[in-house]
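K.L.:
The structure under discussion is supplied below as structure tokens; questions concerning it will follow.
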Amino acid sequence: MSQLENIESVLKSHKLSNDDYINIKEILDREPNLVEVGIFSAMWSEHCSYKSSRKYLNGFPVKAPWVIQGPGENAGVIDIGDGMAAVFKMESHNHPSFIEPFQGAATGVGGILRDVFTMGARPVANLNALRFGNITNNDENSKYQRHLVRGVVDGIGSYGNCMGVPTVGGEVSFDESYNGNILVNAFALGLVKHEDIFLGVAKGTGNPVIYVGSKTGRDGLGGAVMSSDSFTEESKSLRPTVQVGDPFTEKLLLEACLELFQTDHVVGIQDMGAAGLTSSSFEMAGKTGAGLIMHLDQVPAREEGMTPYDFMLSESQERMLICAKKGSEQAIIDIFHKWDLDCAVIGEVTDSGRMELFWHGEKCADMPIAPVSEEAPILDRPTSRPSYLDEVNAKNISQYPSVDNKIAFEKLLSSLEVVDKSWIYNQYDSMVQTNTVKRPGSLDSSVIRVKQNGKALSMSSDCNPRYCYINPYIGAALAVIESGRNVAMSGARPLAITDCLNFGNPENPEVMWQFAQCCDGIKEACSELNTPVVSGNVSLYNETNGVSVFPTPAIAMVGLNDACDKVLKSAFTKEGNTLLLIGQTTGEFGGSLYVKELFGETTGNLKSVDYAAELRLWELVIEANKKSLLESAKDLSMGGLAIALAKMSAVSGFGIDANIDFDDSKNIFDESQSRAVIEVKSENIDSVVGMAIDLGLSIERIGEVRGSNFILNDIDMPIEKLQSVYFDTFANTIEQDL
């Protein structure tokens, strides 16, 4: 194990500090070699160790009677009754997708699918949460952003479609803050029987460690480290650090793993994600205190002349590490060879607590596992309230000129934040597996049936970055609330979240303040709503040339409906039905779409959250739906009442005649929380109103479904025009270069 020369250069290239190096020498009780430096670099990277964020993640509520597995495994698991469980997680692939949009997004989907089926579950649904910069202009930036949108969507669709997993929904938003860093967050959900859940552990002295999947190449070398730093002009050319995916191989890997899980050969299994063989082996052994011996020359190689460093740090896709029961080696090899996949015994479990790596019989690394996997430095970075907040929070809606409601409506309706994204979701197969009940474009949450027990799972990904920019604490809480409200609007009871916390440079005290505030907001909301965090991901350093993205804590909520034939629609169903508005409208325009679209600003502040009112709203919709009293329900969020009704009209093709007397006429666009529009038959009005009053909710009749025009107060637009704007705007924008 030769020692290093020019250590300062080596440390810099591995993004390790002098303090890190001193710590490493104390852990090893000697100088490290290059392989060991690479391992420490990967395991102590922001991406793998959460060294800047762990302090704030520790207080997340993670327990409930229905939580089977919380954070710390490949994915979270919740009980959905009848011996079945839902397995789900959300992950970021931001940096790779900005460098190489197709492969970056594709391998993001591949990675999250492996996180799910590594747990023993068959993936049954994908979502994604995408953020891009400005795509509307003719300048170079907008042209490049349109290129990124097309590449990312192609990558997601290609991988998910080839895997045969439906992409059932998601969210897409646009803001100048993402011009230098797009965000690509992928969510996957799978189903598994309780007794078939597997964990990522290595234990049992003498048990074999088996490598399965694709051969290892040099692609993705340093990927975890690259994702733990900001972008500069130079780093945008880091294509070698972006992995290349092969969904057909992953499909074989999925089926082989699910076949293997029907045997009793497996002790533990781990996906090789960020930091590849390094993270999978250290994490599996670190959880149990075991040691490992691995012979790296036994790892199947795709390229000539690969070194131990290459094998440990490569992020080649479609690979797993298995800890098997001794004596099961040949049976496992036979299964994977049947599926035309590489499979090799590369080591065994020891009781030493150390990672011992060999290369053609010679030891090339020897290090204690616990300090590397479980004791990465936890940083207490400085925080300070951002200076921009004073100016942003001081401004309110009264300081902007008045705008005619008809003009405002046309402007908001055509916003890329509002219009239908069928150009995107039509590239995804949303109906494969034949269990999709609410597909992309049907508004609010997406829903799949659980064939095994006749229930339905509802899921929604949400975050309003403008809210988080003006008030990170409340903005993050509202992301949890919005995702939960969307799930409730389908008739399902929200149960748990996974998150993807996307922020700028943690070395900036203002960014760390935003992060800390958002974490506190999530903790409060999840606690108050009884929707614990079961898995998640942190993505920092989303910054280019000193400009950070808006704080974007994306939240994906999963909820359960006891009957898949009781899924509530989010668009109008029949002419003549009555429209009811639930909740209080108080003139809230902080961070609103109204101010952004009409005045080009993100300003104002947010009202404190009334969790009791939110829970009462959920209860009304869920319980009234169980009694078959509702025809459809849609929550009010971006663009307020006017935009919610417009979406319902556009998707259904039905006109409305509605009138509501607000103190200020522009309040049809306000974004007060804990509100919804519900559609009811005339014979059910009294029952629904009675339920609302009993729950202490305000409820008001505002109109009915009828006619061929969209009429709301002083707005009157033919449905044909409304649908044309809603369904055609995005395609016309994204295809303007083609």
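Identifiers in this document derive from the order of the structure tokens: chains are assigned A, B, ..., residues are numbered from 1 separately in each chain, and ligands are numbered from 1 in order of occurrence.
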Produce a table with one row for each residue of region 423-480 of chain A that has an atom at most 8 Å from any atom of region 116-134 of chain A, each row naming the nearest atom pair and its distance in Å at one decimal; use only C-alpha atoms; arrange rows by chain and rising residue number; format as JSON lines.

P.N.:
{"residue": "A:Gln433", "atom": "CA", "partner": "A:Val124", "partner_atom": "CA", "distance": 7.5}
{"residue": "A:Ile448", "atom": "CA", "partner": "A:Ala125", "partner_atom": "CA", "distance": 7.7}
{"residue": "A:Ser461", "atom": "CA", "partner": "A:Ala129", "partner_atom": "CA", "distance": 6.6}
{"residue": "A:Asp462", "atom": "CA", "partner": "A:Ala129", "partner_atom": "CA", "distance": 7.7}

K.L.:
Okay, now the selection with C-alpha atoms, as a short mmCIF file (atom, residue, chain, number, x, y, z; two decimals), in the first residue's frame?

P.N.:
data_model
loop_
_atom_site.label_atom_id
_atom_site.label_comp_id
_atom_site.auth_asym_id
_atom_site.auth_seq_id
_atom_site.Cartn_x
_atom_site.Cartn_y
_atom_site.Cartn_z
CA GLN A 433 -49.36 -2.42 -15.40
CA ILE A 448 -53.02 3.65 -8.48
CA SER A 461 -45.30 15.82 -5.20
CA ASP A 462 -45.43 19.50 -4.23
#

K.L.:
With a distance cut-off of 12 Å and only C-alpha atoms, select the neighbouring residues of Glu8 (chain A), excluding the residue or stretch itself and same-chain residues fewer than 2 positions from it, and output the selection as a ChimeraX atom specification.

P.N.:
/A:4-6,10-18,20-21,37

K.L.:
Using DSSP secondary structure from the backbone, list all helix (DSSP H, G or I) positions within region 327-383 of chain A, as a ChimeraX atom specification.

P.N.:
/A:329-338,369-373

K.L.:
Looking at only C-alpha atoms, which of A:Ser672, A:Gln517, A:Thr278, A:Thr602 is the one that sits closest to Leu313 (chain A)?

P.N.:
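Checking each of A:Ser672, A:Gln517, A:Thr278, A:Thr602 against Leu313 (chain A), counting only C-alpha atoms, the winner is A:Thr278.
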
K.L.:
Hey, which of A:Ser698, A:Gln145, A:Asn561, A:Ser373 ends up closest to Ser49 (chain A)? Count only C-alpha atoms.

P.N.:
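Closest to Ser49 (chain A), using only C-alpha atoms: A:Ser373.
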
K.L.:
Report, in Å to a single decimal, how far apart CA of His47 (chain A) and CA of Ile197 (chain A) are.

P.N.:
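We find that CA of Ile197 (chain A) and CA of His47 (chain A) lie 25.8 Å from each other.
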
K.L.:
Which residue out of A:Trp66, A:Ser687, A:Asn545, A:Gly160 has the minimum interatomic distance to Ser430 (chain A) when only C-alpha atoms are used?

P.N.:
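Of the candidates, the smallest distance to Ser430 (chain A) is held by A:Gly160.
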
K.L.:
As a ChimeraX atom specification, please: the residues near Leu357 (chain A) (cut-off 7 Å, only C-alpha atoms, same-chain neighbours under 3 positions excluded).

P.N.:
/A:293-296,363-366

K.L.:
I'd like to know which residues of region 99-275 of chain A are strand (DSSP E) (by DSSP, run on the backbone); could you write them as an mmCIF file with N, CA and C atoms, in the first residue's frame?

P.N.:
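Saved the output as selection_39.cif:
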data_model
loop_
_atom_site.group_PDB
_atom_site.id
_atom_site.type_symbol
_atom_site.label_atom_id
_atom_site.label_comp_id
_atom_site.auth_asym_id
_atom_site.auth_seq_id
_atom_site.Cartn_x
_atom_site.Cartn_y
_atom_site.Cartn_z
ATOM 1 N N ARG A 122 -41.862 -4.676 -5.810
ATOM 2 C CA ARG A 122 -41.971 -4.440 -7.253
ATOM 3 C C ARG A 122 -42.418 -2.999 -7.471
ATOM 4 N N PRO A 123 -41.633 -2.202 -8.206
ATOM 5 C CA PRO A 123 -42.035 -0.812 -8.455
ATOM 6 C C PRO A 123 -43.322 -0.755 -9.276
ATOM 7 N N VAL A 124 -44.253 0.098 -8.837
ATOM 8 C CA VAL A 124 -45.545 0.193 -9.525
ATOM 9 C C VAL A 124 -45.890 1.622 -9.936
ATOM 10 N N ALA A 125 -45.107 2.620 -9.495
ATOM 11 C CA ALA A 125 -45.422 3.999 -9.869
ATOM 12 C C ALA A 125 -44.190 4.888 -9.755
ATOM 13 N N ASN A 126 -44.052 5.791 -10.715
ATOM 14 C CA ASN A 126 -43.035 6.845 -10.672
ATOM 15 C C ASN A 126 -43.707 8.211 -10.676
ATOM 16 N N LEU A 127 -43.071 9.157 -9.982
ATOM 17 C CA LEU A 127 -43.404 10.576 -10.095
ATOM 18 C C LEU A 127 -42.097 11.315 -10.347
ATOM 19 N N ASN A 128 -42.190 12.563 -10.769
ATOM 20 C CA ASN A 128 -40.991 13.391 -10.801
ATOM 21 C C ASN A 128 -41.339 14.837 -10.480
ATOM 22 N N ALA A 129 -40.372 15.538 -9.903
ATOM 23 C CA ALA A 129 -40.517 16.960 -9.585
ATOM 24 C C ALA A 129 -39.370 17.679 -10.284
ATOM 25 N N LEU A 130 -39.717 18.494 -11.264
ATOM 26 C CA LEU A 130 -38.716 19.117 -12.136
ATOM 27 C C LEU A 130 -38.780 20.633 -12.023
ATOM 28 N N ARG A 131 -37.619 21.274 -11.948
ATOM 29 C CA ARG A 131 -37.546 22.746 -11.918
ATOM 30 C C ARG A 131 -36.548 23.195 -12.986
ATOM 31 N N PHE A 132 -37.010 24.118 -13.808
ATOM 32 C CA PHE A 132 -36.160 24.665 -14.853
ATOM 33 C C PHE A 132 -36.142 26.180 -14.764
ATOM 34 N N THR A 167 -45.229 6.176 -15.147
ATOM 35 C CA THR A 167 -45.020 7.498 -14.555
ATOM 36 C C THR A 167 -46.403 8.126 -14.439
ATOM 37 N N VAL A 168 -46.917 8.201 -13.230
ATOM 38 C CA VAL A 168 -48.334 8.538 -13.037
ATOM 39 C C VAL A 168 -48.570 10.011 -12.722
ATOM 40 N N GLY A 169 -47.507 10.787 -12.531
ATOM 41 C CA GLY A 169 -47.725 12.207 -12.246
ATOM 42 C C GLY A 169 -46.433 12.891 -11.871
ATOM 43 N N GLY A 170 -46.576 14.091 -11.329
ATOM 44 C CA GLY A 170 -45.422 14.868 -10.923
ATOM 45 C C GLY A 170 -45.716 16.349 -10.999
ATOM 46 N N GLU A 171 -44.676 17.145 -10.997
ATOM 47 C CA GLU A 171 -44.838 18.594 -11.082
ATOM 48 C C GLU A 171 -43.662 19.173 -11.853
ATOM 49 N N VAL A 172 -43.933 20.274 -12.543
ATOM 50 C CA VAL A 172 -42.898 20.983 -13.298
ATOM 51 C C VAL A 172 -43.090 22.467 -13.035
ATOM 52 N N SER A 173 -42.020 23.168 -12.681
ATOM 53 C CA SER A 173 -42.137 24.614 -12.502
ATOM 54 C C SER A 173 -40.919 25.315 -13.076
ATOM 55 N N PHE A 174 -41.073 26.617 -13.271
ATOM 56 C CA PHE A 174 -40.060 27.412 -13.960
ATOM 57 C C PHE A 174 -39.807 28.697 -13.189
ATOM 58 N N LEU A 183 -33.360 21.329 -11.327
ATOM 59 C CA LEU A 183 -33.575 20.296 -10.318
ATOM 60 C C LEU A 183 -34.362 19.155 -10.936
ATOM 61 N N VAL A 184 -33.837 17.948 -10.802
ATOM 62 C CA VAL A 184 -34.502 16.745 -11.299
ATOM 63 C C VAL A 184 -34.631 15.785 -10.125
ATOM 64 N N ASN A 185 -35.838 15.701 -9.568
ATOM 65 C CA ASN A 185 -36.116 14.843 -8.422
ATOM 66 C C ASN A 185 -37.026 13.706 -8.863
ATOM 67 N N ALA A 186 -36.620 12.482 -8.587
ATOM 68 C CA ALA A 186 -37.365 11.302 -9.025
ATOM 69 C C ALA A 186 -37.912 10.552 -7.812
ATOM 70 N N PHE A 187 -39.169 10.123 -7.920
ATOM 71 C CA PHE A 187 -39.868 9.377 -6.865
ATOM 72 C C PHE A 187 -40.317 8.044 -7.446
ATOM 73 N N ALA A 188 -40.190 6.997 -6.646
ATOM 74 C CA ALA A 188 -40.722 5.691 -7.044
ATOM 75 C C ALA A 188 -41.409 5.042 -5.858
ATOM 76 N N LEU A 189 -42.443 4.274 -6.167
ATOM 77 C CA LEU A 189 -43.194 3.545 -5.140
ATOM 78 C C LEU A 189 -43.367 2.112 -5.594
ATOM 79 N N GLY A 190 -43.180 1.189 -4.651
ATOM 80 C CA GLY A 190 -43.356 -0.224 -4.945
ATOM 81 C C GLY A 190 -44.237 -0.892 -3.906
ATOM 82 N N LEU A 191 -44.662 -2.103 -4.209
ATOM 83 C CA LEU A 191 -45.507 -2.880 -3.302
ATOM 84 C C LEU A 191 -44.794 -4.168 -2.905
ATOM 85 N N VAL A 192 -44.985 -4.568 -1.655
ATOM 86 C CA VAL A 192 -44.331 -5.771 -1.149
ATOM 87 C C VAL A 192 -45.157 -6.348 -0.004
ATOM 88 N N LYS A 193 -45.108 -7.662 0.160
ATOM 89 C CA LYS A 193 -45.693 -8.276 1.346
ATOM 90 C C LYS A 193 -44.765 -8.019 2.537
ATOM 91 N N PRO A 208 -20.915 -15.049 2.252
ATOM 92 C CA PRO A 208 -20.306 -14.469 1.057
ATOM 93 C C PRO A 208 -20.902 -13.110 0.679
ATOM 94 N N VAL A 209 -20.060 -12.273 0.081
ATOM 95 C CA VAL A 209 -20.491 -11.006 -0.495
ATOM 96 C C VAL A 209 -20.470 -11.181 -2.012
ATOM 97 N N ILE A 210 -21.622 -10.932 -2.649
ATOM 98 C CA ILE A 210 -21.773 -11.243 -4.072
ATOM 99 C C ILE A 210 -22.143 -9.982 -4.850
ATOM 100 N N TYR A 211 -21.436 -9.787 -5.933
ATOM 101 C CA TYR A 211 -21.668 -8.664 -6.841
ATOM 102 C C TYR A 211 -22.588 -9.149 -7.958
ATOM 103 N N VAL A 212 -23.676 -8.388 -8.269
ATOM 104 C CA VAL A 212 -24.572 -8.782 -9.358
ATOM 105 C C VAL A 212 -24.920 -7.570 -10.215
ATOM 106 N N GLY A 213 -25.275 -7.839 -11.475
ATOM 107 C CA GLY A 213 -25.726 -6.777 -12.370
ATOM 108 C C GLY A 213 -24.778 -6.554 -13.522
ATOM 109 N N VAL A 266 -30.849 -14.810 0.880
ATOM 110 C CA VAL A 266 -30.343 -13.453 1.063
ATOM 111 C C VAL A 266 -30.353 -13.033 2.536
ATOM 112 N N VAL A 267 -29.219 -12.488 2.986
ATOM 113 C CA VAL A 267 -29.144 -11.865 4.312
ATOM 114 C C VAL A 267 -29.441 -10.369 4.191
ATOM 115 N N GLY A 268 -28.852 -9.728 3.187
ATOM 116 C CA GLY A 268 -29.079 -8.303 2.945
ATOM 117 C C GLY A 268 -28.686 -7.956 1.529
ATOM 118 N N ILE A 269 -29.224 -6.836 1.037
ATOM 119 C CA ILE A 269 -28.915 -6.420 -0.330
ATOM 120 C C ILE A 269 -28.935 -4.902 -0.409
ATOM 121 N N GLN A 270 -28.033 -4.347 -1.191
ATOM 122 C CA GLN A 270 -27.890 -2.890 -1.271
ATOM 123 C C GLN A 270 -27.643 -2.485 -2.725
ATOM 124 N N ASP A 271 -28.312 -1.433 -3.139
ATOM 125 C CA ASP A 271 -28.073 -0.843 -4.452
ATOM 126 C C ASP A 271 -26.720 -0.152 -4.462
#

K.L.:
Can you pull out every residue within 12 Å of region 328-344 of chain A, counting only C-alpha atoms, but drop anything in the same chain fewer than 5 positions away, and send it as an MDAnalysis selection string?

P.N.:
chainID A and resid 207:216 248:267 294:302 318:323

K.L.:
Would you please work out which residue, of A:Tyr388, A:Tyr611, A:Phe572, A:Phe589, is nearest to Gly655 (chain A) when using only C-alpha atoms?

P.N.:
A:Phe572

K.L.:
Show which residues sit within 12 Å of Phe599 (chain A), as a PDB file with N, CA, C and O atoms, in the first residue's frame. Count only C-alpha atoms, and ignore same-chain residues fewer than 3 positions away.

P.N.:
ATOM      1  N   ILE A 397     -49.394  43.450  -1.472  1.00  0.00           N
ATOM      2  CA  ILE A 397     -50.201  43.579  -2.685  1.00  0.00           C
ATOM      3  C   ILE A 397     -50.725  44.996  -2.893  1.00  0.00           C
ATOM      4  O   ILE A 397     -50.917  45.432  -4.036  1.00  0.00           O
ATOM      5  N   GLN A 399     -49.217  47.659  -2.715  1.00  0.00           N
ATOM      6  CA  GLN A 399     -48.217  48.532  -3.326  1.00  0.00           C
ATOM      7  C   GLN A 399     -48.086  48.332  -4.837  1.00  0.00           C
ATOM      8  O   GLN A 399     -47.286  49.011  -5.483  1.00  0.00           O
ATOM      9  N   TYR A 400     -48.881  47.431  -5.377  1.00  0.00           N
ATOM     10  CA  TYR A 400     -48.859  47.205  -6.826  1.00  0.00           C
ATOM     11  C   TYR A 400     -50.083  47.853  -7.464  1.00  0.00           C
ATOM     12  O   TYR A 400     -51.146  47.950  -6.838  1.00  0.00           O
ATOM     13  N   PRO A 401     -49.977  48.301  -8.719  1.00  0.00           N
ATOM     14  CA  PRO A 401     -51.135  48.900  -9.394  1.00  0.00           C
ATOM     15  C   PRO A 401     -52.246  47.880  -9.593  1.00  0.00           C
ATOM     16  O   PRO A 401     -51.998  46.669  -9.668  1.00  0.00           O
ATOM     17  N   SER A 402     -53.469  48.336  -9.665  1.00  0.00           N
ATOM     18  CA  SER A 402     -54.599  47.433  -9.887  1.00  0.00           C
ATOM     19  C   SER A 402     -54.613  46.984 -11.346  1.00  0.00           C
ATOM     20  O   SER A 402     -54.218  47.723 -12.251  1.00  0.00           O
ATOM     21  N   VAL A 403     -55.050  45.758 -11.565  1.00  0.00           N
ATOM     22  CA  VAL A 403     -55.118  45.168 -12.903  1.00  0.00           C
ATOM     23  C   VAL A 403     -56.523  44.624 -13.117  1.00  0.00           C
ATOM     24  O   VAL A 403     -57.087  43.980 -12.229  1.00  0.00           O
ATOM     25  N   ALA A 408     -55.822  39.987 -15.913  1.00  0.00           N
ATOM     26  CA  ALA A 408     -55.076  39.150 -14.966  1.00  0.00           C
ATOM     27  C   ALA A 408     -55.357  37.668 -15.205  1.00  0.00           C
ATOM     28  O   ALA A 408     -54.441  36.831 -15.189  1.00  0.00           O
ATOM     29  N   LYS A 411     -53.563  36.341 -18.237  1.00  0.00           N
ATOM     30  CA  LYS A 411     -52.127  36.250 -17.968  1.00  0.00           C
ATOM     31  C   LYS A 411     -51.804  35.032 -17.098  1.00  0.00           C
ATOM     32  O   LYS A 411     -50.872  34.273 -17.375  1.00  0.00           O
ATOM     33  N   LEU A 412     -52.570  34.844 -16.034  1.00  0.00           N
ATOM     34  CA  LEU A 412     -52.307  33.716 -15.132  1.00  0.00           C
ATOM     35  C   LEU A 412     -52.633  32.385 -15.797  1.00  0.00           C
ATOM     36  O   LEU A 412     -51.902  31.403 -15.618  1.00  0.00           O
ATOM     37  N   GLY A 591     -45.784  35.786  -2.218  1.00  0.00           N
ATOM     38  CA  GLY A 591     -45.219  34.742  -3.063  1.00  0.00           C
ATOM     39  C   GLY A 591     -46.184  34.210  -4.105  1.00  0.00           C
ATOM     40  O   GLY A 591     -45.985  33.128  -4.657  1.00  0.00           O
ATOM     41  N   SER A 592     -47.208  34.987  -4.419  1.00  0.00           N
ATOM     42  CA  SER A 592     -48.300  34.485  -5.262  1.00  0.00           C
ATOM     43  C   SER A 592     -47.942  34.477  -6.740  1.00  0.00           C
ATOM     44  O   SER A 592     -47.073  35.215  -7.214  1.00  0.00           O
ATOM     45  N   LEU A 593     -48.661  33.646  -7.474  1.00  0.00           N
ATOM     46  CA  LEU A 593     -48.542  33.624  -8.928  1.00  0.00           C
ATOM     47  C   LEU A 593     -48.989  34.965  -9.511  1.00  0.00           C
ATOM     48  O   LEU A 593     -48.434  35.424 -10.516  1.00  0.00           O
ATOM     49  N   TYR A 594     -49.982  35.587  -8.885  1.00  0.00           N
ATOM     50  CA  TYR A 594     -50.511  36.878  -9.330  1.00  0.00           C
ATOM     51  C   TYR A 594     -49.408  37.928  -9.393  1.00  0.00           C
ATOM     52  O   TYR A 594     -49.201  38.587 -10.410  1.00  0.00           O
ATOM     53  N   VAL A 595     -48.653  38.071  -8.324  1.00  0.00           N
ATOM     54  CA  VAL A 595     -47.585  39.072  -8.277  1.00  0.00           C
ATOM     55  C   VAL A 595     -46.446  38.683  -9.221  1.00  0.00           C
ATOM     56  O   VAL A 595     -45.861  39.535  -9.905  1.00  0.00           O
ATOM     57  N   LYS A 596     -46.132  37.392  -9.296  1.00  0.00           N
ATOM     58  CA  LYS A 596     -45.045  36.937 -10.167  1.00  0.00           C
ATOM     59  C   LYS A 596     -45.371  37.196 -11.641  1.00  0.00           C
ATOM     60  O   LYS A 596     -44.552  37.736 -12.396  1.00  0.00           O
ATOM     61  N   THR A 602     -41.200  38.272  -6.692  1.00  0.00           N
ATOM     62  CA  THR A 602     -41.558  37.319  -5.635  1.00  0.00           C
ATOM     63  C   THR A 602     -41.406  38.058  -4.317  1.00  0.00           C
ATOM     64  O   THR A 602     -40.284  38.242  -3.824  1.00  0.00           O
ATOM     65  N   THR A 603     -42.529  38.528  -3.772  1.00  0.00           N
ATOM     66  CA  THR A 603     -42.501  39.392  -2.586  1.00  0.00           C
ATOM     67  C   THR A 603     -43.616  39.023  -1.625  1.00  0.00           C
ATOM     68  O   THR A 603     -44.452  38.175  -1.909  1.00  0.00           O
TER      69      THR A 603
END

K.L.:
Using only C-alpha atoms, which of A:Ala692, A:Met489, A:Ile474, A:Cys519 sits nearest Leu443 (chain A)?

P.N.:
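Among the listed residues, A:Met489 lies closest to Leu443 (chain A).
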
K.L.:
For Asp420 (chain A), work out the shell of residues within 10 Å, counting only C-alpha atoms and skipping chain neighbours fewer than 5 positions away, then give it as an mmCIF file with N, CA and C atoms, in the first residue's frame.

P.N.:
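Final output, saved to part.cif:
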data_model
loop_
_atom_site.group_PDB
_atom_site.id
_atom_site.type_symbol
_atom_site.label_atom_id
_atom_site.label_comp_id
_atom_site.auth_asym_id
_atom_site.auth_seq_id
_atom_site.Cartn_x
_atom_site.Cartn_y
_atom_site.Cartn_z
ATOM 1 N N SER A 414 -52.345 31.542 -18.835
ATOM 2 C CA SER A 414 -51.326 31.161 -19.816
ATOM 3 C C SER A 414 -49.949 30.975 -19.191
ATOM 4 N N SER A 415 -49.833 31.145 -17.871
ATOM 5 C CA SER A 415 -48.556 30.954 -17.191
ATOM 6 C C SER A 415 -48.091 29.513 -17.337
ATOM 7 N N TYR A 425 -45.965 14.715 -20.202
ATOM 8 C CA TYR A 425 -46.421 13.426 -19.682
ATOM 9 C C TYR A 425 -46.910 12.482 -20.774
ATOM 10 N N PRO A 440 -51.486 11.365 -15.135
ATOM 11 C CA PRO A 440 -51.033 12.750 -15.276
ATOM 12 C C PRO A 440 -52.054 13.596 -16.037
ATOM 13 N N GLY A 441 -52.200 14.833 -15.588
ATOM 14 C CA GLY A 441 -53.131 15.739 -16.250
ATOM 15 C C GLY A 441 -54.515 15.749 -15.657
ATOM 16 N N SER A 442 -54.802 14.806 -14.756
ATOM 17 C CA SER A 442 -56.143 14.745 -14.173
ATOM 18 C C SER A 442 -56.275 15.604 -12.924
ATOM 19 N N LEU A 443 -55.246 16.385 -12.615
ATOM 20 C CA LEU A 443 -55.218 17.382 -11.530
ATOM 21 C C LEU A 443 -55.008 16.755 -10.159
ATOM 22 N N LYS A 647 -58.889 25.282 -14.334
ATOM 23 C CA LYS A 647 -58.318 23.962 -14.607
ATOM 24 C C LYS A 647 -59.414 22.895 -14.649
ATOM 25 N N ALA A 650 -61.232 23.297 -17.946
ATOM 26 C CA ALA A 650 -60.432 22.896 -19.099
ATOM 27 C C ALA A 650 -60.346 21.381 -19.213
ATOM 28 N N VAL A 651 -60.062 20.705 -18.110
ATOM 29 C CA VAL A 651 -59.876 19.258 -18.129
ATOM 30 C C VAL A 651 -61.186 18.530 -18.416
ATOM 31 N N GLN A 723 -59.641 26.143 -23.198
ATOM 32 C CA GLN A 723 -58.939 24.883 -23.433
ATOM 33 C C GLN A 723 -57.756 25.057 -24.375
ATOM 34 N N VAL A 725 -55.828 27.726 -24.688
ATOM 35 C CA VAL A 725 -54.729 28.298 -23.906
ATOM 36 C C VAL A 725 -54.141 27.233 -22.979
ATOM 37 N N TYR A 726 -55.012 26.505 -22.308
ATOM 38 C CA TYR A 726 -54.557 25.556 -21.289
ATOM 39 C C TYR A 726 -53.773 24.389 -21.894
ATOM 40 N N PHE A 727 -54.230 23.872 -23.028
ATOM 41 C CA PHE A 727 -53.619 22.658 -23.573
ATOM 42 C C PHE A 727 -52.531 22.911 -24.619
ATOM 43 N N ASP A 728 -52.483 24.104 -25.236
ATOM 44 C CA ASP A 728 -51.544 24.333 -26.338
ATOM 45 C C ASP A 728 -50.326 25.168 -25.959
ATOM 46 N N THR A 729 -50.414 25.958 -24.889
ATOM 47 C CA THR A 729 -49.364 26.939 -24.593
ATOM 48 C C THR A 729 -48.001 26.292 -24.366
ATOM 49 N N PHE A 730 -47.964 25.220 -23.582
ATOM 50 C CA PHE A 730 -46.668 24.644 -23.233
ATOM 51 C C PHE A 730 -45.969 24.061 -24.457
ATOM 52 N N ALA A 731 -46.711 23.311 -25.266
ATOM 53 C CA ALA A 731 -46.101 22.714 -26.461
ATOM 54 C C ALA A 731 -45.572 23.792 -27.395
#

K.L.:
Given only C-alpha atoms as the basis, pick out the residue of A:Ala75, A:Leu712, A:Leu540, A:Val87 nearest to Ser52 (chain A).

P.N.:
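Using only C-alpha atoms, the shortest distance to Ser52 (chain A) belongs to A:Leu540.
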